[in-house]
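Here the structure is laid out as structure tokens; the discussion comes afterwards.
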Amino acid sequence: MLLGVVGAFCGVAPAHAAEPSVGITLTGVSPATVDAKGTITITGTVRNTSSVAMSWVQASFWRSRDPISDTDSLGSLAVSPPTVPVGERWFHEPGGRSIANITDPDGTTVFKPGEKANFTVSGTASAMGLTSTDAAYLIGVHIQATPAGHSRMTVGRARAFTVVSGASTKARLAPVITLSSAPSVRLDGTFTDDHLAEEFTGRLDRLIDEAASRRSTVLVDPALVDEATAMAAGYTVNGITGTGTGAARAWLAKLTPLLTSGRIYRLPYGDADVVAAARTGHSTVISRSVKALDVKNPARSLPLAVTDEAGALDRPSLNLITTMLKPSLVLTAAAPAGPAHRQNGATVIGLSHSLLAGGPDHQTSAGQLRGRLLAQTLLMSRENLPAVTLVGDTAQLDATAPLGTSTSWLTLTDLGSAIASATATTAPLPAHSSTATALTGDWWTTQITAASDAADWGNVLGNGAVAELQTARILSRSLSLSLAADRRSAWLRDAMAPATDLLGGSGVQLHSAASFVMSSSSNDFPLTVTNNLTETVKVKVTFTSANPQRIGIPDTSVVTIRPKESQTIRFAPRASSNGIVEMTAQLTTPSGRELGPSTTFVIRATRMDDIGWIIIIVSGAVVLGATLLRVRQVRRRNGGTGDGITGKAGAATGEAGVTGEADDGADRDPS
């Protein structure tokens, strides 16, 4: 019946939205579960968030005596207004422990705007009417006060779920521990920050310890293993020695036995969001996550698991993922909780992400996280639904921790039995999902640009295999589910800085004289290229002539320049005439992409007049020789008669008769 009450009131707004109010934070709900005779204690803080002072501020235990019947009812209550259900305040705990006066009832003191105070209230389950065992309930705190200028009213409410257990209470929970973190390595292998140094002694250390002690199913990001391995060998962060070498070694030592436990899977490299890539048809992005996994990575031999907490997976994207990646396990919130399915070689299991949603009222204090998880796990187990959730931080570890021995109705398990019982049936996924993915808009264009830059970066470094591996790694990391949406672009810019700097010309510079003088039609001149990087580079120089018909320069051959060295590159212009021509020289990758700014110089060709006179003289000699030969042939044909020839020539030249006589005497054949 509680669900009907919730449904009737969920759309109703609070009646006094503008009235003075306080903010409440629940700092503890202890214990998280009790039997009927048990006492529940709630601790918290209250802050006057209004603009008026309040008198006689009092906290009191609140509860709804209606047991929550099923998971649908619990889900509705989790999003219901604070006034639904109405419930009752509890004032009758022995010793007055169910109430706490924050200011005195006489009104001699007031609770000023912005003021903060602590409270503790308690209630015994059976005395408060929580008498049904093996049941989930809604409990909480009400704050009553008399604001200045107002009558006495309830100024604040906070709620949490709890379980009242009995002898027959049983439930099973499968928390899947995920070992991943935001990426911290750039394209060239240097570290962007040192956050893993803290994580290997904090969050990631606790996770791996619990993975071993709980015997949970474990998922590990191979990129995290690569980064831990690099840190263990010694590393720097922006030129400063990193502090996490010892912690990384210790963490890897704990990981080693897990790798052969039979209950660990690897995630796509970088914990890349391959579901979003599949949804948008970016198969290249998916294949890149495969290329990123080097044969030396100890996680390479593990079976692959794909996760989808967002519930964005659909049938076409599952088909693409199973075809390209061949995962053994797919955990998705797009599939409802229920029996596992085996499809295209992958076991598909539904995730219940709401297990760790906390609440109600969107609150995620430790007590509210724990209460929601226990209540929902109990109800799911009652409905024979597997309760599977991903665990990736310490708050989630605490929420999913085993119960004490006196109330051990909760059994933690791995996914082994669910996988073994999977049936070869089609997973109940939507034909086409409308759930938004985190990777939208122009992000895919950014990926294409970064891939192009990384390829050109590798082209300059001259090691195609290494460049391809590093490119696949960095782009897979940029799709990490551990990266917040507002950090993703900034991280990729930082990670791509080695390529951006190199292609922008800051690491390799071209130097040239202002002018060159050609003394012949071809000469040989020098340019200097300086490599300020710590890697060997391969480059060439291309030229653009302002007047290529007069002077042109072919591209140079590709040269290799070692780190921190300079090298002379010689170029050979070709000139067809005298003059001054401006040239533009551009340093490029071997494939022709420009590196940095161009440089200009002029070439002056000065000896082309001498060449021209030589050409004229030779041409004149050829003409004169041809003329003399023709004269001799004509005289022979005329039987040696010189006058006839002289006469014809004289008519054309005026003075050719004299010349004809000289020629005749010189050319006459004595025979």
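Convention: chains lettered A, B, ... in structure tokens order; per-chain residue numbering from 1; ligands numbered from 1 as shown.
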
As a list of chain:residue names, please: the residues near Ala334 of chain A (cut-off 9 Å, only C-alpha atoms, same-chain neighbours under 6 positions excluded). A:Asp308, A:Glu309, A:Ala310, A:Gly311, A:Ala312, A:Leu313, A:Asp314, A:Gly350, A:Leu351, A:Pro428, A:Leu429, A:Pro430, A:Ser433

What lies within 10 Å of Asp501 of chain A using only C-alpha atoms, ignoring chain neighbours under 4 positions off, as a short mmCIF file (atom, residue, chain, number, x, y, z; two decimals) with N, CA and C atoms, in the first residue's frame?
data_model
loop_
_atom_site.label_atom_id
_atom_site.label_comp_id
_atom_site.auth_asym_id
_atom_site.auth_seq_id
_atom_site.Cartn_x
_atom_site.Cartn_y
_atom_site.Cartn_z
N TRP A 457 53.54 13.27 -35.26
CA TRP A 457 54.57 13.24 -34.21
C TRP A 457 55.44 12.00 -34.36
N MET A 496 48.59 15.57 -25.12
CA MET A 496 49.08 15.72 -26.49
C MET A 496 50.14 16.81 -26.62
N ALA A 497 50.52 17.43 -25.51
CA ALA A 497 51.47 18.54 -25.56
C ALA A 497 52.78 18.18 -26.27
N GLY A 505 56.74 23.64 -33.74
CA GLY A 505 58.09 24.11 -34.02
C GLY A 505 58.88 24.55 -32.82
N SER A 506 58.37 24.37 -31.61
CA SER A 506 59.11 24.84 -30.44
C SER A 506 60.31 23.96 -30.10
N GLY A 507 60.31 22.71 -30.60
CA GLY A 507 61.40 21.81 -30.27
C GLY A 507 62.46 21.71 -31.34
N VAL A 508 62.10 22.01 -32.59
CA VAL A 508 63.04 21.92 -33.71
C VAL A 508 62.96 23.21 -34.50
N LEU A 595 56.31 22.11 -39.84
CA LEU A 595 56.74 22.18 -38.44
C LEU A 595 57.13 23.62 -38.12
N GLY A 596 56.30 24.28 -37.35
CA GLY A 596 56.64 25.62 -36.92
C GLY A 596 56.58 26.64 -38.03
#

All residues 12 Å or closer to segment 65-68 of chain A, only C-alpha atoms, same chain fewer than 2 positions away omitted, as JSON, numbers by chain: {"A": [1, 2, 3, 4, 5, 6, 62, 63, 70, 71, 72, 73, 74, 75, 76, 77, 78, 85, 86, 87, 88, 89, 90, 125, 126, 127, 128, 129, 130, 131, 132, 133, 134, 135, 136, 137, 138, 139, 140, 161, 162, 163, 164, 165, 372, 375, 376, 378, 379]}

Write out the residues from the selection above, keeping C-alpha atoms, as an mmCIF file, in the first residue's frame.
data_model
loop_
_atom_site.group_PDB
_atom_site.id
_atom_site.type_symbol
_atom_site.label_atom_id
_atom_site.label_comp_id
_atom_site.auth_asym_id
_atom_site.auth_seq_id
_atom_site.Cartn_x
_atom_site.Cartn_y
_atom_site.Cartn_z
ATOM 1 C CA MET A 1 0.000 0.000 0.000
ATOM 2 C CA LEU A 2 2.964 2.313 0.540
ATOM 3 C CA LEU A 3 3.648 2.441 -3.186
ATOM 4 C CA GLY A 4 0.163 3.827 -3.812
ATOM 5 C CA VAL A 5 0.719 6.571 -1.260
ATOM 6 C CA VAL A 6 4.050 7.448 -2.837
ATOM 7 C CA TRP A 62 11.111 10.085 12.518
ATOM 8 C CA ARG A 63 9.941 6.858 10.879
ATOM 9 C CA ASP A 70 9.323 -4.357 -3.173
ATOM 10 C CA THR A 71 12.072 -2.738 -5.251
ATOM 11 C CA ASP A 72 9.635 -0.582 -7.214
ATOM 12 C CA SER A 73 8.286 0.918 -3.984
ATOM 13 C CA LEU A 74 11.807 1.562 -2.753
ATOM 14 C CA GLY A 75 12.723 3.259 -6.015
ATOM 15 C CA SER A 76 9.686 5.522 -5.789
ATOM 16 C CA LEU A 77 10.444 6.434 -2.179
ATOM 17 C CA ALA A 78 14.029 7.281 -3.117
ATOM 18 C CA PRO A 85 5.229 9.429 3.253
ATOM 19 C CA VAL A 86 3.940 11.494 6.175
ATOM 20 C CA GLY A 87 5.161 9.087 8.855
ATOM 21 C CA GLU A 88 5.451 9.996 12.540
ATOM 22 C CA ARG A 89 7.915 11.590 14.893
ATOM 23 C CA TRP A 90 9.004 9.471 17.879
ATOM 24 C CA ALA A 125 12.674 -0.662 16.327
ATOM 25 C CA SER A 126 9.843 -2.542 18.047
ATOM 26 C CA ALA A 127 8.871 0.396 20.263
ATOM 27 C CA MET A 128 8.560 2.630 17.193
ATOM 28 C CA GLY A 129 6.283 0.113 15.466
ATOM 29 C CA LEU A 130 8.869 -1.330 13.095
ATOM 30 C CA THR A 131 7.689 -4.787 13.973
ATOM 31 C CA SER A 132 7.859 -6.667 10.658
ATOM 32 C CA THR A 133 11.139 -8.517 10.443
ATOM 33 C CA ASP A 134 12.895 -9.317 7.177
ATOM 34 C CA ALA A 135 11.712 -5.892 6.022
ATOM 35 C CA ALA A 136 13.031 -2.525 4.835
ATOM 36 C CA TYR A 137 11.825 0.743 6.365
ATOM 37 C CA LEU A 138 12.234 4.476 5.924
ATOM 38 C CA ILE A 139 13.575 6.349 8.961
ATOM 39 C CA GLY A 140 15.047 9.794 9.539
ATOM 40 C CA PHE A 161 16.633 3.392 4.560
ATOM 41 C CA THR A 162 17.200 0.626 7.082
ATOM 42 C CA VAL A 163 16.550 -3.107 7.448
ATOM 43 C CA VAL A 164 14.932 -4.863 10.404
ATOM 44 C CA SER A 165 16.122 -8.451 10.126
ATOM 45 C CA ARG A 372 19.973 2.041 0.543
ATOM 46 C CA ALA A 375 17.431 -2.389 1.788
ATOM 47 C CA GLN A 376 17.554 -2.811 -1.976
ATOM 48 C CA LEU A 378 17.208 -7.512 0.613
ATOM 49 C CA LEU A 379 14.255 -6.730 -1.644
#

Per DSSP on the backbone, filter segment 287-463 of chain A down to the residues in alpha helix (DSSP H) and report them as a ChimeraX atom specification. /A:287-291,315-325,366-382,394-399,416-420,443-461

Residues near Ser421 of chain A, anyone? I mean within 12 Å using only C-alpha atoms, not counting same-chain ones fewer than 2 positions away, as a PDB file with N, CA and C atoms, in the first residue's frame.
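part_0.pdb written:
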ATOM      1  N   GLY A 338      18.432  -9.779 -13.515  1.00  0.00           N
ATOM      2  CA  GLY A 338      17.830 -11.067 -13.807  1.00  0.00           C
ATOM      3  C   GLY A 338      18.901 -12.064 -14.176  1.00  0.00           C
ATOM      4  N   PRO A 339      18.521 -13.225 -14.670  1.00  0.00           N
ATOM      5  CA  PRO A 339      19.496 -14.248 -15.045  1.00  0.00           C
ATOM      6  C   PRO A 339      20.457 -13.748 -16.119  1.00  0.00           C
ATOM      7  N   ALA A 340      21.670 -14.288 -16.097  1.00  0.00           N
ATOM      8  CA  ALA A 340      22.676 -13.906 -17.083  1.00  0.00           C
ATOM      9  C   ALA A 340      22.361 -14.541 -18.430  1.00  0.00           C
ATOM     10  N   HIS A 341      22.782 -13.853 -19.500  1.00  0.00           N
ATOM     11  CA  HIS A 341      22.581 -14.328 -20.863  1.00  0.00           C
ATOM     12  C   HIS A 341      23.940 -14.499 -21.529  1.00  0.00           C
ATOM     13  N   ARG A 342      24.053 -15.499 -22.385  1.00  0.00           N
ATOM     14  CA  ARG A 342      25.285 -15.683 -23.146  1.00  0.00           C
ATOM     15  C   ARG A 342      24.980 -15.403 -24.605  1.00  0.00           C
ATOM     16  N   THR A 347      29.106 -13.250 -21.727  1.00  0.00           N
ATOM     17  CA  THR A 347      28.069 -13.361 -20.708  1.00  0.00           C
ATOM     18  C   THR A 347      27.607 -11.957 -20.355  1.00  0.00           C
ATOM     19  N   VAL A 348      26.317 -11.689 -20.526  1.00  0.00           N
ATOM     20  CA  VAL A 348      25.743 -10.366 -20.279  1.00  0.00           C
ATOM     21  C   VAL A 348      24.964 -10.411 -18.965  1.00  0.00           C
ATOM     22  N   ILE A 349      25.375  -9.541 -18.015  1.00  0.00           N
ATOM     23  CA  ILE A 349      24.750  -9.496 -16.695  1.00  0.00           C
ATOM     24  C   ILE A 349      24.278  -8.077 -16.427  1.00  0.00           C
ATOM     25  N   LEU A 415      30.986 -13.325  -9.273  1.00  0.00           N
ATOM     26  CA  LEU A 415      30.051 -13.567 -10.371  1.00  0.00           C
ATOM     27  C   LEU A 415      30.134 -14.986 -10.914  1.00  0.00           C
ATOM     28  N   GLY A 416      30.925 -15.822 -10.268  1.00  0.00           N
ATOM     29  CA  GLY A 416      31.148 -17.167 -10.790  1.00  0.00           C
ATOM     30  C   GLY A 416      29.876 -17.949 -11.029  1.00  0.00           C
ATOM     31  N   SER A 417      28.969 -17.973 -10.041  1.00  0.00           N
ATOM     32  CA  SER A 417      27.746 -18.773 -10.183  1.00  0.00           C
ATOM     33  C   SER A 417      26.822 -18.170 -11.243  1.00  0.00           C
ATOM     34  N   ALA A 418      26.761 -16.835 -11.313  1.00  0.00           N
ATOM     35  CA  ALA A 418      25.911 -16.197 -12.326  1.00  0.00           C
ATOM     36  C   ALA A 418      26.411 -16.503 -13.730  1.00  0.00           C
ATOM     37  N   ILE A 419      27.731 -16.481 -13.907  1.00  0.00           N
ATOM     38  CA  ILE A 419      28.311 -16.772 -15.224  1.00  0.00           C
ATOM     39  C   ILE A 419      28.081 -18.234 -15.590  1.00  0.00           C
ATOM     40  N   THR A 423      22.376 -18.533 -19.675  1.00  0.00           N
ATOM     41  CA  THR A 423      21.731 -19.274 -20.758  1.00  0.00           C
ATOM     42  C   THR A 423      22.030 -18.622 -22.102  1.00  0.00           C
ATOM     43  N   ALA A 424      22.076 -19.447 -23.126  1.00  0.00           N
ATOM     44  CA  ALA A 424      22.387 -18.953 -24.478  1.00  0.00           C
ATOM     45  C   ALA A 424      21.149 -18.316 -25.087  1.00  0.00           C
ATOM     46  N   THR A 425      20.826 -17.149 -24.586  1.00  0.00           N
ATOM     47  CA  THR A 425      19.656 -16.408 -25.064  1.00  0.00           C
ATOM     48  C   THR A 425      20.059 -14.974 -25.354  1.00  0.00           C
TER      49      THR A 425
END

Between A:Ile561, A:Met380, A:Ile553, A:Leu492, which has the minimum distance to Arg574 of chain A (counting only C-alpha atoms)? A:Ile553

Using only C-alpha atoms, which of A:Leu469, A:Leu26, A:Ile42, A:Ala171 sits nearest Arg97 of chain A?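 Comparing A:Leu469, A:Leu26, A:Ile42, A:Ala171 against Arg97 of chain A, the winner is A:Ile42.
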
Please compute the atom CA of Val220 of chain A-atom CA of Ser283 of chain A distance, one decimal, in Å.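 Separation between atom CA of Val220 of chain A and atom CA of Ser283 of chain A: 22.8 Å.
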
Could you give me, as number ranges by chain, the residues within 6 Å of Gln368 of chain A, counting only C-alpha atoms and dropping anything in the same chain fewer than 6 positions from it? A: 160, 358-359

Pick from A:Thr217, A:Thr530, A:Asn578, A:Gln586: nearest to Gln549 of chain A, with only C-alpha atoms counted?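 Answer, going by the shortest atom-to-atom distance: A:Asn578.
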
From A:Thr49, A:Ser521, A:Thr560, A:Gln470, residue lying nearest Ala499 of chain A [only C-alpha atoms]: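 The closest residue to Ala499 of chain A is A:Gln470.
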
Figure out the distance between atom CA of Thr435 of chain A and atom CA of Asn319 of chain A, please, to one decimal in Å.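 Straight-line distance from atom CA of Asn319 of chain A to atom CA of Thr435 of chain A works out to 17.5 Å.
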